[in-house]
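Source file work31.pdb; content: PDB, C-alpha atoms and all ligand atoms.
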```pdb
MODEL        1
ATOM      1  CA  MET T 719      15.710 -20.257  17.767
ATOM      2  CA  ASP T 720      15.536 -22.799  14.983
ATOM      3  CA  THR T 721      18.068 -21.162  12.601
ATOM      4  CA  LEU T 722      17.823 -22.661   9.124
ATOM      5  CA  ILE T 723      20.119 -20.349   7.183
ATOM      6  CA  GLN T 724      23.071 -18.591   8.636
ATOM      7  CA  ALA T 725      25.341 -16.739   6.246
ATOM      8  CA  VAL T 726      28.126 -14.690   7.771
ATOM      9  CA  ASN T 727      30.271 -12.071   6.060
ATOM     10  CA  LEU T 728      29.711 -13.298   2.502
ATOM     11  CA  VAL T 729      32.027 -11.796  -0.083
ATOM     12  CA  ARG T 730      32.133 -12.236  -3.854
ATOM     13  CA  ARG T 731      34.165 -10.235  -6.332
ATOM     14  CA  TYR T 732      34.101 -10.104 -10.110
ATOM     15  CA  GLY T 733      37.517  -8.895 -11.174
ATOM     16  CA  HIS T 734      38.359  -6.063  -8.804
ATOM     17  CA  ARG T 735      34.745  -5.112  -8.128
ATOM     18  CA  SER T 736      32.872  -6.452  -5.143
ATOM     19  CA  ALA T 737      29.429  -7.733  -6.073
ATOM     20  CA  VAL T 738      28.769  -8.872  -2.486
ATOM     21  CA  ASP T 739      30.741  -7.194   0.229
ATOM     22  CA  GLY T 740      30.283  -8.655   3.705
ATOM     23  CA  LEU T 741      26.641  -9.744   3.854
ATOM     24  CA  ASP T 742      25.014 -11.517   6.786
ATOM     25  CA  ILE T 743      21.707 -13.340   6.428
ATOM     26  CA  GLU T 744      19.902 -15.305   9.089
ATOM     27  CA  LEU T 745      16.606 -17.102   8.792
ATOM     28  CA  ALA T 746      14.518 -19.144  11.185
ATOM     29  CA  ARG T 747      11.729 -21.599  10.501
ATOM     30  CA  GLY T 748       8.581 -19.730   9.615
ATOM     31  CA  ASP T 749      10.479 -16.726   8.263
ATOM     32  CA  ILE T 750       9.699 -15.382   4.833
ATOM     33  CA  LEU T 751      12.446 -12.907   4.078
ATOM     34  CA  GLY T 752      11.994 -10.332   1.330
ATOM     35  CA  PHE T 753      15.402  -9.708  -0.183
ATOM     36  CA  LEU T 754      15.364  -6.378  -1.961
ATOM     37  CA  GLY T 755      17.748  -4.169  -3.842
ATOM     38  CA  PRO T 756      18.110  -2.210  -7.045
ATOM     39  CA  ASN T 757      19.418  -3.918 -10.170
ATOM     40  CA  GLY T 758      23.030  -4.908  -9.747
ATOM     41  CA  ALA T 759      22.857  -4.756  -5.930
ATOM     42  CA  GLY T 760      24.100  -8.334  -5.632
ATOM     43  CA  LYS T 761      20.863 -10.260  -5.007
ATOM     44  CA  SER T 762      21.334 -13.019  -7.552
ATOM     45  CA  THR T 763      25.002 -13.385  -6.660
ATOM     46  CA  THR T 764      24.012 -13.783  -2.994
ATOM     47  CA  MET T 765      21.316 -16.323  -3.767
ATOM     48  CA  ARG T 766      23.669 -18.354  -5.903
ATOM     49  CA  MET T 767      26.170 -18.431  -3.050
ATOM     50  CA  LEU T 768      23.492 -19.339  -0.505
ATOM     51  CA  THR T 769      22.437 -22.266  -2.641
ATOM     52  CA  GLY T 770      25.913 -23.588  -3.391
ATOM     53  CA  ASN T 771      25.851 -22.574  -7.039
ATOM     54  CA  LEU T 772      28.661 -20.046  -6.779
ATOM     55  CA  ALA T 773      31.698 -20.171  -4.523
ATOM     56  CA  PRO T 774      32.099 -17.186  -2.211
ATOM     57  CA  HIS T 775      35.483 -15.484  -1.874
ATOM     58  CA  GLY T 776      34.851 -15.089   1.818
ATOM     59  CA  GLY T 777      32.377 -15.944   4.531
ATOM     60  CA  THR T 778      30.466 -19.011   5.624
ATOM     61  CA  VAL T 779      27.028 -20.431   4.916
ATOM     62  CA  LYS T 780      25.258 -22.926   7.130
ATOM     63  CA  ILE T 781      22.061 -24.568   6.016
ATOM     64  CA  ASN T 782      20.179 -26.235   8.819
ATOM     65  CA  GLY T 783      23.431 -26.301  10.790
ATOM     66  CA  VAL T 784      25.476 -27.926   8.002
ATOM     67  CA  ASP T 785      28.375 -26.012   6.444
ATOM     68  CA  LEU T 786      27.608 -25.555   2.752
ATOM     69  CA  LEU T 787      31.246 -25.214   1.734
ATOM     70  CA  GLU T 788      32.531 -28.133   3.762
ATOM     71  CA  ARG T 789      29.636 -30.547   3.270
ATOM     72  CA  PRO T 790      27.860 -29.321   0.133
ATOM     73  CA  LEU T 791      25.916 -32.469  -0.733
ATOM     74  CA  GLU T 792      24.475 -32.815   2.732
ATOM     75  CA  ALA T 793      23.720 -29.101   3.069
ATOM     76  CA  LYS T 794      21.994 -28.985  -0.317
ATOM     77  CA  ARG T 795      19.551 -31.679   0.740
ATOM     78  CA  SER T 796      17.920 -29.057   2.939
ATOM     79  CA  LEU T 797      17.784 -26.508   0.124
ATOM     80  CA  GLY T 798      15.342 -25.805  -2.651
ATOM     81  CA  TYR T 799      16.186 -23.161  -5.240
ATOM     82  CA  LEU T 800      14.188 -21.464  -7.943
ATOM     83  CA  PRO T 801      16.731 -19.486  -9.968
ATOM     84  CA  GLU T 802      15.798 -16.369 -11.896
ATOM     85  CA  THR T 803      15.558 -18.508 -15.020
ATOM     86  CA  PRO T 804      14.133 -21.866 -13.931
ATOM     87  CA  PRO T 805      15.965 -24.865 -15.365
ATOM     88  CA  LEU T 806      12.940 -26.318 -17.131
ATOM     89  CA  TYR T 807      13.171 -28.886 -19.882
ATOM     90  CA  ARG T 808      10.442 -27.853 -22.250
ATOM     91  CA  GLU T 809      10.313 -31.179 -24.071
ATOM     92  CA  MET T 810       9.668 -33.160 -20.874
ATOM     93  CA  THR T 811       6.287 -33.713 -19.293
ATOM     94  CA  VAL T 812       5.735 -32.264 -15.832
ATOM     95  CA  ASP T 813       5.870 -35.751 -14.307
ATOM     96  CA  GLU T 814       9.077 -36.694 -16.101
ATOM     97  CA  PHE T 815      10.740 -33.470 -15.096
ATOM     98  CA  LEU T 816       9.720 -33.704 -11.438
ATOM     99  CA  ILE T 817      10.892 -37.320 -11.190
ATOM    100  CA  PHE T 818      14.180 -36.125 -12.681
ATOM    101  CA  ALA T 819      14.343 -33.313 -10.097
ATOM    102  CA  ALA T 820      13.567 -35.766  -7.278
ATOM    103  CA  ARG T 821      16.411 -37.977  -8.451
ATOM    104  CA  LEU T 822      18.802 -35.024  -8.711
ATOM    105  CA  ASN T 823      17.871 -34.072  -5.179
ATOM    106  CA  ALA T 824      18.627 -37.566  -3.896
ATOM    107  CA  VAL T 825      15.069 -38.554  -3.013
ATOM    108  CA  PRO T 826      15.237 -42.363  -2.469
ATOM    109  CA  LYS T 827      13.856 -44.250  -5.448
ATOM    110  CA  ASP T 828      10.855 -45.741  -3.689
ATOM    111  CA  HIS T 829       9.816 -42.285  -2.429
ATOM    112  CA  GLN T 830      10.123 -40.450  -5.716
ATOM    113  CA  ARG T 831       6.564 -41.033  -6.917
ATOM    114  CA  ASP T 832       5.045 -39.881  -3.635
ATOM    115  CA  ALA T 833       7.367 -36.885  -3.508
ATOM    116  CA  VAL T 834       6.267 -35.839  -6.990
ATOM    117  CA  LEU T 835       2.583 -36.345  -6.179
ATOM    118  CA  LEU T 836       2.909 -34.173  -3.099
ATOM    119  CA  ALA T 837       4.878 -31.426  -4.863
ATOM    120  CA  LYS T 838       2.285 -31.372  -7.651
ATOM    121  CA  GLU T 839      -0.530 -31.161  -5.158
ATOM    122  CA  ARG T 840       1.105 -28.322  -3.268
ATOM    123  CA  CYS T 841       1.753 -26.391  -6.457
ATOM    124  CA  GLY T 842      -1.632 -27.016  -8.085
ATOM    125  CA  LEU T 843      -0.175 -29.211 -10.823
ATOM    126  CA  THR T 844      -2.088 -32.429 -10.183
ATOM    127  CA  ASP T 845      -4.023 -32.220 -13.441
ATOM    128  CA  VAL T 846      -1.140 -31.358 -15.733
ATOM    129  CA  GLY T 847       1.366 -34.124 -14.916
ATOM    130  CA  HIS T 848       1.211 -35.532 -18.445
ATOM    131  CA  ARG T 849       1.521 -32.169 -20.231
ATOM    132  CA  LEU T 850       4.695 -31.025 -21.949
ATOM    133  CA  ILE T 851       6.308 -28.207 -19.993
ATOM    134  CA  GLY T 852       6.856 -26.213 -23.190
ATOM    135  CA  ASN T 853       3.096 -26.107 -23.794
ATOM    136  CA  LEU T 854       2.178 -24.760 -20.354
ATOM    137  CA  SER T 855       1.377 -21.123 -19.629
ATOM    138  CA  LYS T 856       4.067 -19.063 -17.939
ATOM    139  CA  GLY T 857       2.224 -19.237 -14.626
ATOM    140  CA  TYR T 858       2.122 -23.019 -14.741
ATOM    141  CA  GLN T 859       5.759 -23.169 -15.782
ATOM    142  CA  GLN T 860       6.597 -21.081 -12.742
ATOM    143  CA  ARG T 861       4.675 -23.550 -10.585
ATOM    144  CA  VAL T 862       6.739 -26.350 -12.085
ATOM    145  CA  GLY T 863       9.833 -24.335 -11.192
ATOM    146  CA  ILE T 864       8.659 -24.098  -7.593
ATOM    147  CA  ALA T 865       7.624 -27.766  -7.553
ATOM    148  CA  GLN T 866      11.164 -28.816  -8.560
ATOM    149  CA  ALA T 867      12.491 -26.633  -5.739
ATOM    150  CA  ILE T 868      10.362 -28.337  -3.076
ATOM    151  CA  VAL T 869      10.123 -31.908  -4.377
ATOM    152  CA  HIS T 870      12.651 -33.137  -1.773
ATOM    153  CA  ASN T 871      10.830 -31.268   1.008
ATOM    154  CA  PRO T 872      13.741 -28.949   1.826
ATOM    155  CA  THR T 873      13.743 -26.884   5.007
ATOM    156  CA  VAL T 874      14.926 -23.776   3.160
ATOM    157  CA  VAL T 875      13.479 -22.479  -0.082
ATOM    158  CA  VAL T 876      15.211 -19.753  -2.068
ATOM    159  CA  LEU T 877      13.143 -18.077  -4.766
ATOM    160  CA  ASP T 878      14.645 -15.559  -7.177
ATOM    161  CA  GLU T 879      11.954 -13.248  -8.583
ATOM    162  CA  PRO T 880       9.219 -15.902  -8.449
ATOM    163  CA  THR T 881       6.383 -13.757  -9.788
ATOM    164  CA  VAL T 882       8.166 -11.913 -12.562
ATOM    165  CA  GLY T 883       6.287 -12.046 -15.862
ATOM    166  CA  LEU T 884       3.072 -13.476 -14.411
ATOM    167  CA  ASP T 885      -0.404 -12.000 -14.726
ATOM    168  CA  PRO T 886      -2.268 -10.790 -11.621
ATOM    169  CA  ASN T 887      -4.197 -14.025 -11.113
ATOM    170  CA  GLN T 888      -1.092 -16.139 -11.451
ATOM    171  CA  ILE T 889       0.719 -13.796  -9.072
ATOM    172  CA  ARG T 890      -2.022 -14.230  -6.488
ATOM    173  CA  GLU T 891      -1.803 -17.992  -6.711
ATOM    174  CA  ILE T 892       1.984 -18.132  -6.530
ATOM    175  CA  ARG T 893       1.951 -15.780  -3.524
ATOM    176  CA  GLN T 894      -0.527 -18.014  -1.756
ATOM    177  CA  LEU T 895       1.736 -20.965  -2.444
ATOM    178  CA  ILE T 896       4.744 -19.087  -1.039
ATOM    179  CA  ARG T 897       2.752 -18.217   2.078
ATOM    180  CA  GLU T 898       2.007 -21.896   2.585
ATOM    181  CA  LEU T 899       5.660 -22.795   2.062
ATOM    182  CA  GLY T 900       6.556 -20.230   4.707
ATOM    183  CA  GLU T 901       4.553 -22.078   7.314
ATOM    184  CA  MET T 902       6.715 -25.196   7.173
ATOM    185  CA  HIS T 903       9.979 -23.942   5.741
ATOM    186  CA  ALA T 904      12.079 -20.810   5.745
ATOM    187  CA  VAL T 905      11.776 -18.854   2.512
ATOM    188  CA  ILE T 906      14.011 -16.212   0.953
ATOM    189  CA  LEU T 907      12.360 -14.308  -1.785
ATOM    190  CA  SER T 908      14.144 -11.871  -4.008
ATOM    191  CA  THR T 909      11.829  -9.404  -5.647
ATOM    192  CA  HIS T 910      11.506  -5.900  -7.040
ATOM    193  CA  ILE T 911       7.895  -5.656  -6.025
ATOM    194  CA  LEU T 912       7.579  -3.840  -2.734
ATOM    195  CA  PRO T 913       3.902  -4.619  -2.079
ATOM    196  CA  GLU T 914       4.824  -8.274  -2.525
ATOM    197  CA  VAL T 915       7.156  -7.968   0.439
ATOM    198  CA  GLN T 916       4.504  -6.246   2.496
ATOM    199  CA  SER T 917       1.885  -8.852   1.728
ATOM    200  CA  LEU T 918       4.079 -11.948   1.985
ATOM    201  CA  CYS T 919       7.120 -11.420   4.138
ATOM    202  CA  ASN T 920       7.626 -11.109   7.863
ATOM    203  CA  ARG T 921      11.138  -9.751   7.383
ATOM    204  CA  VAL T 922      12.836  -7.526   4.885
ATOM    205  CA  GLN T 923      16.475  -6.992   4.060
ATOM    206  CA  ILE T 924      17.488  -4.315   1.576
ATOM    207  CA  ILE T 925      20.918  -4.502  -0.010
ATOM    208  CA  ASP T 926      22.778  -2.003  -2.130
ATOM    209  CA  LYS T 927      26.222  -2.360  -3.664
ATOM    210  CA  GLY T 928      26.628  -5.731  -2.015
ATOM    211  CA  ARG T 929      25.928  -4.572   1.538
ATOM    212  CA  THR T 930      22.927  -4.614   3.810
ATOM    213  CA  VAL T 931      21.477  -1.128   4.154
ATOM    214  CA  TYR T 932      18.257  -2.038   5.953
ATOM    215  CA  SER T 933      16.987  -5.027   7.849
ATOM    216  CA  ALA T 934      13.747  -5.169   9.797
ATOM    217  CA  ARG T 935      10.683  -7.120  10.670
ATOM    218  CA  VAL T 936       7.791  -6.090   8.486
ATOM    219  CA  ALA T 937       6.052  -4.028  11.118
ATOM    220  CA  ASP T 938       2.666  -4.992  12.356
ATOM    221  CA  GLU T 939       0.342  -2.048  12.538
ATOM    222  CA  GLU T 940       0.405  -1.611  16.311
ATOM    223  CA  SER T 941       4.076  -1.192  17.031
ATOM    224  CA  ALA T 942       7.275   0.227  15.688
ATOM    225  CA  ALA T 943       6.461   3.521  14.068
ATOM    226  CA  GLU T 944       9.621   4.606  12.344
ATOM    227  CA  ILE T 945       9.433   8.198  13.511
ATOM    228  CA  LEU T 946       7.371  10.155  16.021
ATOM    229  CA  LEU T 947       6.855  13.888  15.734
ATOM    230  CA  VAL T 948       6.210  15.398  19.160
ATOM    231  CA  ALA T 949       5.750  18.884  20.650
ATOM    232  CA  PHE T 950       5.804  20.019  24.280
ATOM    233  CA  ASP T 951       4.747  23.091  26.275
ATOM    234  CA  ARG T 952       8.019  22.951  28.221
ATOM    235  CA  GLU T 953      10.797  21.739  25.981
ATOM    236  CA  PRO T 954      13.076  19.027  27.339
ATOM    237  CA  SER T 955      16.700  18.733  26.230
ATOM    238  CA  LEU T 956      17.670  16.084  23.702
ATOM    239  CA  ASP T 957      19.501  14.259  26.480
ATOM    240  CA  ASP T 958      16.303  14.220  28.555
ATOM    241  CA  LEU T 959      14.477  12.645  25.627
ATOM    242  CA  VAL T 960      16.948   9.896  24.804
ATOM    243  CA  SER T 961      17.168   8.986  28.473
ATOM    244  CA  LEU T 962      13.535   7.822  28.259
ATOM    245  CA  GLU T 963      13.154   4.089  27.717
ATOM    246  CA  GLY T 964      12.371   3.214  24.111
ATOM    247  CA  ILE T 965      13.849   6.305  22.420
ATOM    248  CA  ARG T 966      16.899   5.660  20.313
ATOM    249  CA  GLU T 967      17.432   9.099  18.797
ATOM    250  CA  ALA T 968      15.987  12.559  19.182
ATOM    251  CA  ASP T 969      16.372  15.625  16.969
ATOM    252  CA  ARG T 970      14.971  19.100  17.299
ATOM    253  CA  LEU T 971      13.259  20.334  14.157
ATOM    254  CA  ASP T 972      13.129  23.979  13.109
ATOM    255  CA  ASN T 973       9.385  24.215  13.663
ATOM    256  CA  GLY T 974       9.675  23.630  17.412
ATOM    257  CA  ARG T 975       8.827  19.955  17.192
ATOM    258  CA  PHE T 976      11.049  17.041  17.977
ATOM    259  CA  GLN T 977      11.591  14.025  15.839
ATOM    260  CA  LEU T 978      12.013  10.823  17.822
ATOM    261  CA  ARG T 979      13.176   7.459  16.567
ATOM    262  CA  PRO T 980      12.006   4.707  18.870
ATOM    263  CA  TYR T 981      13.794   1.399  19.143
ATOM    264  CA  PRO T 982      12.136  -1.311  17.056
ATOM    265  CA  ASP T 983       9.339  -3.108  18.904
ATOM    266  CA  THR T 984       8.634  -0.114  21.106
ATOM    267  CA  ALA T 985       4.880   0.217  21.520
ATOM    268  CA  ILE T 986       3.763   3.754  20.822
ATOM    269  CA  SER T 987       1.155   3.666  23.565
ATOM    270  CA  ALA T 988       3.789   2.852  26.195
ATOM    271  CA  LEU T 989       6.104   5.546  24.894
ATOM    272  CA  ALA T 990       3.286   8.090  24.883
ATOM    273  CA  GLY T 991       2.629   7.240  28.529
ATOM    274  CA  ARG T 992       6.260   7.911  29.417
ATOM    275  CA  LEU T 993       6.303  11.200  27.522
ATOM    276  CA  VAL T 994       3.229  12.382  29.417
ATOM    277  CA  ALA T 995       4.594  11.184  32.756
ATOM    278  CA  ALA T 996       7.828  13.102  32.181
ATOM    279  CA  GLY T 997       5.829  16.298  32.780
ATOM    280  CA  TRP T 998       6.957  18.362  29.795
ATOM    281  CA  GLY T 999       3.396  19.096  28.741
ATOM    282  CA  LEU T1000       3.107  16.818  25.703
ATOM    283  CA  ARG T1001       0.678  18.506  23.317
ATOM    284  CA  GLU T1002       1.271  16.693  20.048
ATOM    285  CA  LEU T1003       2.346  13.201  19.047
ATOM    286  CA  THR T1004       2.185  12.030  15.452
ATOM    287  CA  PRO T1005       3.560   8.666  14.331
ATOM    288  CA  GLN T1006       5.035   8.813  10.853
ATOM    289  CA  ARG T1007       5.363   5.495   9.210
ATOM    290  CA  ARG T1008       7.688   5.441   6.259
ATOM    291  CA  THR T1009       6.529   3.102   3.567
ATOM    292  CA  LEU T1010       8.882   0.412   2.407
ATOM    293  CA  GLU T1011       9.064   2.300  -0.867
ATOM    294  CA  GLN T1012      10.260   5.469   0.887
ATOM    295  CA  ILE T1013      12.856   3.499   2.809
ATOM    296  CA  PHE T1014      14.007   1.719  -0.319
ATOM    297  CA  VAL T1015      14.355   4.902  -2.357
ATOM    298  CA  GLU T1016      16.035   6.791   0.463
ATOM    299  CA  LEU T1017      18.614   4.077   1.062
ATOM    300  CA  THR T1018      19.451   2.983  -2.439
ATOM    301  CA  THR T1019      19.521   6.168  -4.493
ATOM    302  CA  ARG T1020      22.248   8.093  -2.708
ATOM    303  CA  GLU T1021      24.787   9.122  -5.284
ATOM    304  CA  SER T1022      28.115   7.565  -4.609
ATOM    305  CA  VAL T1023      30.819  10.230  -4.587
ATOM    306  CA  ALA T1024      33.662   7.844  -5.329
TER     307      ALA T1024
HETATM  308  P1  LIG E1101      21.129  -8.240  -8.775
HETATM  309  O1  LIG E1101      20.688  -9.656  -8.768
HETATM  310  O2  LIG E1101      20.863  -7.533  -7.483
HETATM  311  O3  LIG E1101      20.611  -7.461  -9.943
HETATM  312  P2  LIG E1101      23.731  -9.347  -9.374
HETATM  313  O4  LIG E1101      24.063 -10.223  -8.250
HETATM  314  O5  LIG E1101      23.226  -9.965 -10.629
HETATM  315  O6  LIG E1101      22.735  -8.210  -8.879
HETATM  316  O7  LIG E1101      25.031  -8.489  -9.759
HETATM  317  C1  LIG E1101      25.814  -7.784  -8.799
HETATM  318  C2  LIG E1101      26.995  -7.117  -9.495
HETATM  319  O8  LIG E1101      27.899  -8.099  -9.964
HETATM  320  C3  LIG E1101      26.607  -6.275 -10.687
HETATM  321  O9  LIG E1101      27.469  -5.148 -10.730
HETATM  322  C4  LIG E1101      26.891  -7.192 -11.858
HETATM  323  O10 LIG E1101      27.227  -6.442 -12.999
HETATM  324  C5  LIG E1101      28.077  -7.977 -11.362
HETATM  325  N1  LIG E1101      28.097  -9.334 -11.939
HETATM  326  C6  LIG E1101      27.159 -10.295 -11.746
HETATM  327  N2  LIG E1101      27.494 -11.442 -12.377
HETATM  328  C7  LIG E1101      28.687 -11.196 -12.979
HETATM  329  C8  LIG E1101      29.587 -11.984 -13.799
HETATM  330  N3  LIG E1101      29.315 -13.257 -14.101
HETATM  331  N4  LIG E1101      30.721 -11.391 -14.221
HETATM  332  C9  LIG E1101      31.019 -10.109 -13.929
HETATM  333  N5  LIG E1101      30.220  -9.317 -13.160
HETATM  334  C10 LIG E1101      29.078  -9.843 -12.701
ENDMDL
END
```
Full structure transcribed into structure tokens:
Amino acid sequence: MDTLIQAVNLVRRYGHRSAVDGLDIELARGDILGFLGPNGAGKSTTMRMLTGNLAPHGGTVKINGVDLLERPLEAKRSLGYLPETPPLYREMTVDEFLIFAARLNAVPKDHQRDAVLLAKERCGLTDVGHRLIGNLSKGYQQRVGIAQAIVHNPTVVVLDEPTVGLDPNQIREIRQLIRELGEMHAVILSTHILPEVQSLCNRVQIIDKGRTVYSARVADEESAAEILLVAFDREPSLDDLVSLEGIREADRLDNGRFQLRPYPDTAISALAGRLVAAGWGLRELTPQRRTLEQIFVELTTRESVA
């Protein structure tokens, strides 16, 4: 696997409180990871550490195989970052600012013009190069923010809330741009917008209180139902059920049904075949897909007792 980001056991404290408490993140080329969590979960802190803008108290980060803490300049060449508040200079024109960004990102002088042209083209900014950033709409300013993040053609792009404050048309355009970025790069996208994850991302990681509480591929429709409700004429034991290939957990519900949790990537059709072949008289099988919203709410709203 072509691993482009590998963060292991990241830790960051503020005073005595842990903002990030042992996080792992791994991304391969072609991945668009939706990084989710309630306010204060530690998303921005994590993204700042992943991009070398904040020193972790523990853990390691490798970008494209290069250790970010040991060789920061080299590692950062493979990184593009759109922070929550993009560092735009309102009194510069788009061209001036992107040349400046290319220079900051160590694009060789004789490549800077081409790099800026390409970034503008990819972000739909070709016609506004001479405009002052301060006079652009918020959607265009966001494009400039993304253009500065990709001007050096990084292999990893980290975007913190890239569609916040945009109108629906602007959101559609920025999402399309992110999709295109995902084809050539690896993208981490922090967002509050769950449908955004479902429409854009192939993976999702939910964090709460600085820890990962959920990590999964965004399921394609065919496979990986989260839960199956099943009923039989002749009830098997729970041990019988979990001994079948593909079943991770089984519980008996009060209404005579069983609730099964398959392993991820288990095809329901194959599992159904095994349940029939087991000879318990399968008479009901209902996949229950939890929406990302249900998962999010369930995992991040538990009251902490401490
Ligand atoms: P998110 O981006 O998920 O909203 P943050 O990473 O901004 O979360 O914050 C995680 C936790 O760390 C929160 O409890 C926040 O109050 C705390 N925190 C973030 N930045 C600082 C800081 N500079 N000083 C003190 N506490 C901070």
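The point (9.0, 20.8, 25.0) has these residues within 10 Å of it, counting all atoms listed in the file: Val948, Ala949, Phe950, Asp951, Arg952, Glu953, Pro954, Ser955, Leu956, Leu959, Arg970, Gly974, Arg975, Phe976, Gly997, Trp998, Gly999, Leu1000 and Arg1001 of chain T.
Between atom CA of Gln830 of chain T and atom CA of Ala865 of chain T the interatomic distance comes to 13.1 Å.
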Counting all atoms listed in the file, I want the residues whose atoms come within 7 Å of (33.2, -13.1, -0.8) in the file frame, returned as number ranges by chain. T: 728-731, 738-740, 774-777
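Of the residues listed (T:Gly964, T:Gly928, T:Pro790, T:Pro982), T:Gly928 shows the shortest atom-to-atom separation from Asn757 of chain T; distances use only C-alpha atoms.
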Starting from the shown file, work through the PyMOL selection byres (((not hetatm)) within 9 of (chain E and resi 1101)) and note down what comes out as a VMD selection string. chain T and resid 730 to 733 735 to 738 754 to 766 802 878 908 925 to 928
Ground truth for the PyMOL selection byres (((chain T and resi 778) around 6) and not hetatm), written as a PyMOL selection string: chain T and resi 725-726+777+779
Point-to-point distance from atom CA of Leu722 of chain T to atom CA of Leu745 of chain T, Å rounded to tenths: 5.7 Å
Distance table requested - segment 772-881 of chain T against segment 902-907 of chain T, cut-off 9 Å, all atoms listed in the file: one row per qualifying residue with the closest atom pair and its distance in Å to one decimal, ordered by chain and rising residue number, as a Markdown table.
```
| residue | atom | partner | partner_atom | distance |
| --- | --- | --- | --- | --- |
| T:Asn871 | CA | T:His903 | CA | 8.8 |
| T:Pro872 | CA | T:His903 | CA | 7.4 |
| T:Thr873 | CA | T:His903 | CA | 4.8 |
| T:Val874 | CA | T:Ala904 | CA | 4.9 |
| T:Val875 | CA | T:Val905 | CA | 4.8 |
| T:Val876 | CA | T:Ile906 | CA | 4.8 |
| T:Leu877 | CA | T:Leu907 | CA | 4.9 |
| T:Asp878 | CA | T:Leu907 | CA | 6.0 |
| T:Glu879 | CA | T:Leu907 | CA | 6.9 |
| T:Pro880 | CA | T:Leu907 | CA | 7.5 |
```
Would you save the residues of that selection, restricted to C-alpha atoms, as a PDB file, in the frame of the given file?
```
ATOM      1  CA  ASN T 871      10.830 -31.268   1.008  1.00  0.00           C
ATOM      2  CA  PRO T 872      13.741 -28.949   1.826  1.00  0.00           C
ATOM      3  CA  THR T 873      13.743 -26.884   5.007  1.00  0.00           C
ATOM      4  CA  VAL T 874      14.926 -23.776   3.160  1.00  0.00           C
ATOM      5  CA  VAL T 875      13.479 -22.479  -0.082  1.00  0.00           C
ATOM      6  CA  VAL T 876      15.211 -19.753  -2.068  1.00  0.00           C
ATOM      7  CA  LEU T 877      13.143 -18.077  -4.766  1.00  0.00           C
ATOM      8  CA  ASP T 878      14.645 -15.559  -7.177  1.00  0.00           C
ATOM      9  CA  GLU T 879      11.954 -13.248  -8.583  1.00  0.00           C
ATOM     10  CA  PRO T 880       9.219 -15.902  -8.449  1.00  0.00           C
TER      11      PRO T 880
END
```
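The coordinates place atom CA of Leu1003 of chain T at 24.0 Å from atom CA of Glu1016 of chain T.
Among the candidates T:Gln1012, T:Arg808, T:Arg929, T:Ala990, the residue lying nearest to Ile743 of chain T is T:Arg929 (atoms considered: only C-alpha atoms).
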Hits of the PyMOL selection byres (((chain T and resi 838-846) around 8) and not hetatm) in this structure, as an NGL selection string: :T and (812 or 834-837 or 847-849 or 858 or 861-862 or 864-865 or 895)
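The shortest atom-to-atom distance to Ser855 of chain T, with only C-alpha atoms taken into account, belongs to T:Gln888 out of T:Asn823, T:Gln888, T:Gln916, T:Thr811.
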Nearest candidate to Leu1017 of chain T (options T:Ile892, T:Ile986, T:Ile924, T:Ala820; using all atoms listed in the file): T:Ile924
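For the choices T:Ala793, T:Ile1013, T:Leu850, T:Ala746, the atom-to-atom distance to Tyr932 of chain T is smallest for T:Ile1013 when using all atoms listed in the file.
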Can you list, as a PyMOL selection string, every protein, DNA or RNA residue that comes within 12 Å of Leu962 of chain T when you count all atoms listed in the file, leaving out same-chain residues fewer than 3 positions away? chain T and resi 954-959+965-968+978-981+984+988-996
Take every atom of segment 732-735 of chain T listed in the file, pad by 3 Å on each side, and give me the axis-aligned box centre and edge lengths in Å, one decimal, as lines of an AutoDock Vina configuration file.
```
center_x = 36.2
center_y = -7.6
center_z = -9.7
size_x = 10.3
size_y = 11.0
size_z = 9.0
```
Nearest candidate to Glu891 of chain T (options T:Gly857, T:Asp983, T:Gly770, T:Cys919; using only C-alpha atoms): T:Gly857
Quick one: everything within 12 Å of Leu918 of chain T, counting only C-alpha atoms, minus sequence neighbours fewer than 3 positions away in the same chain. Send it as a count of residues only. 32
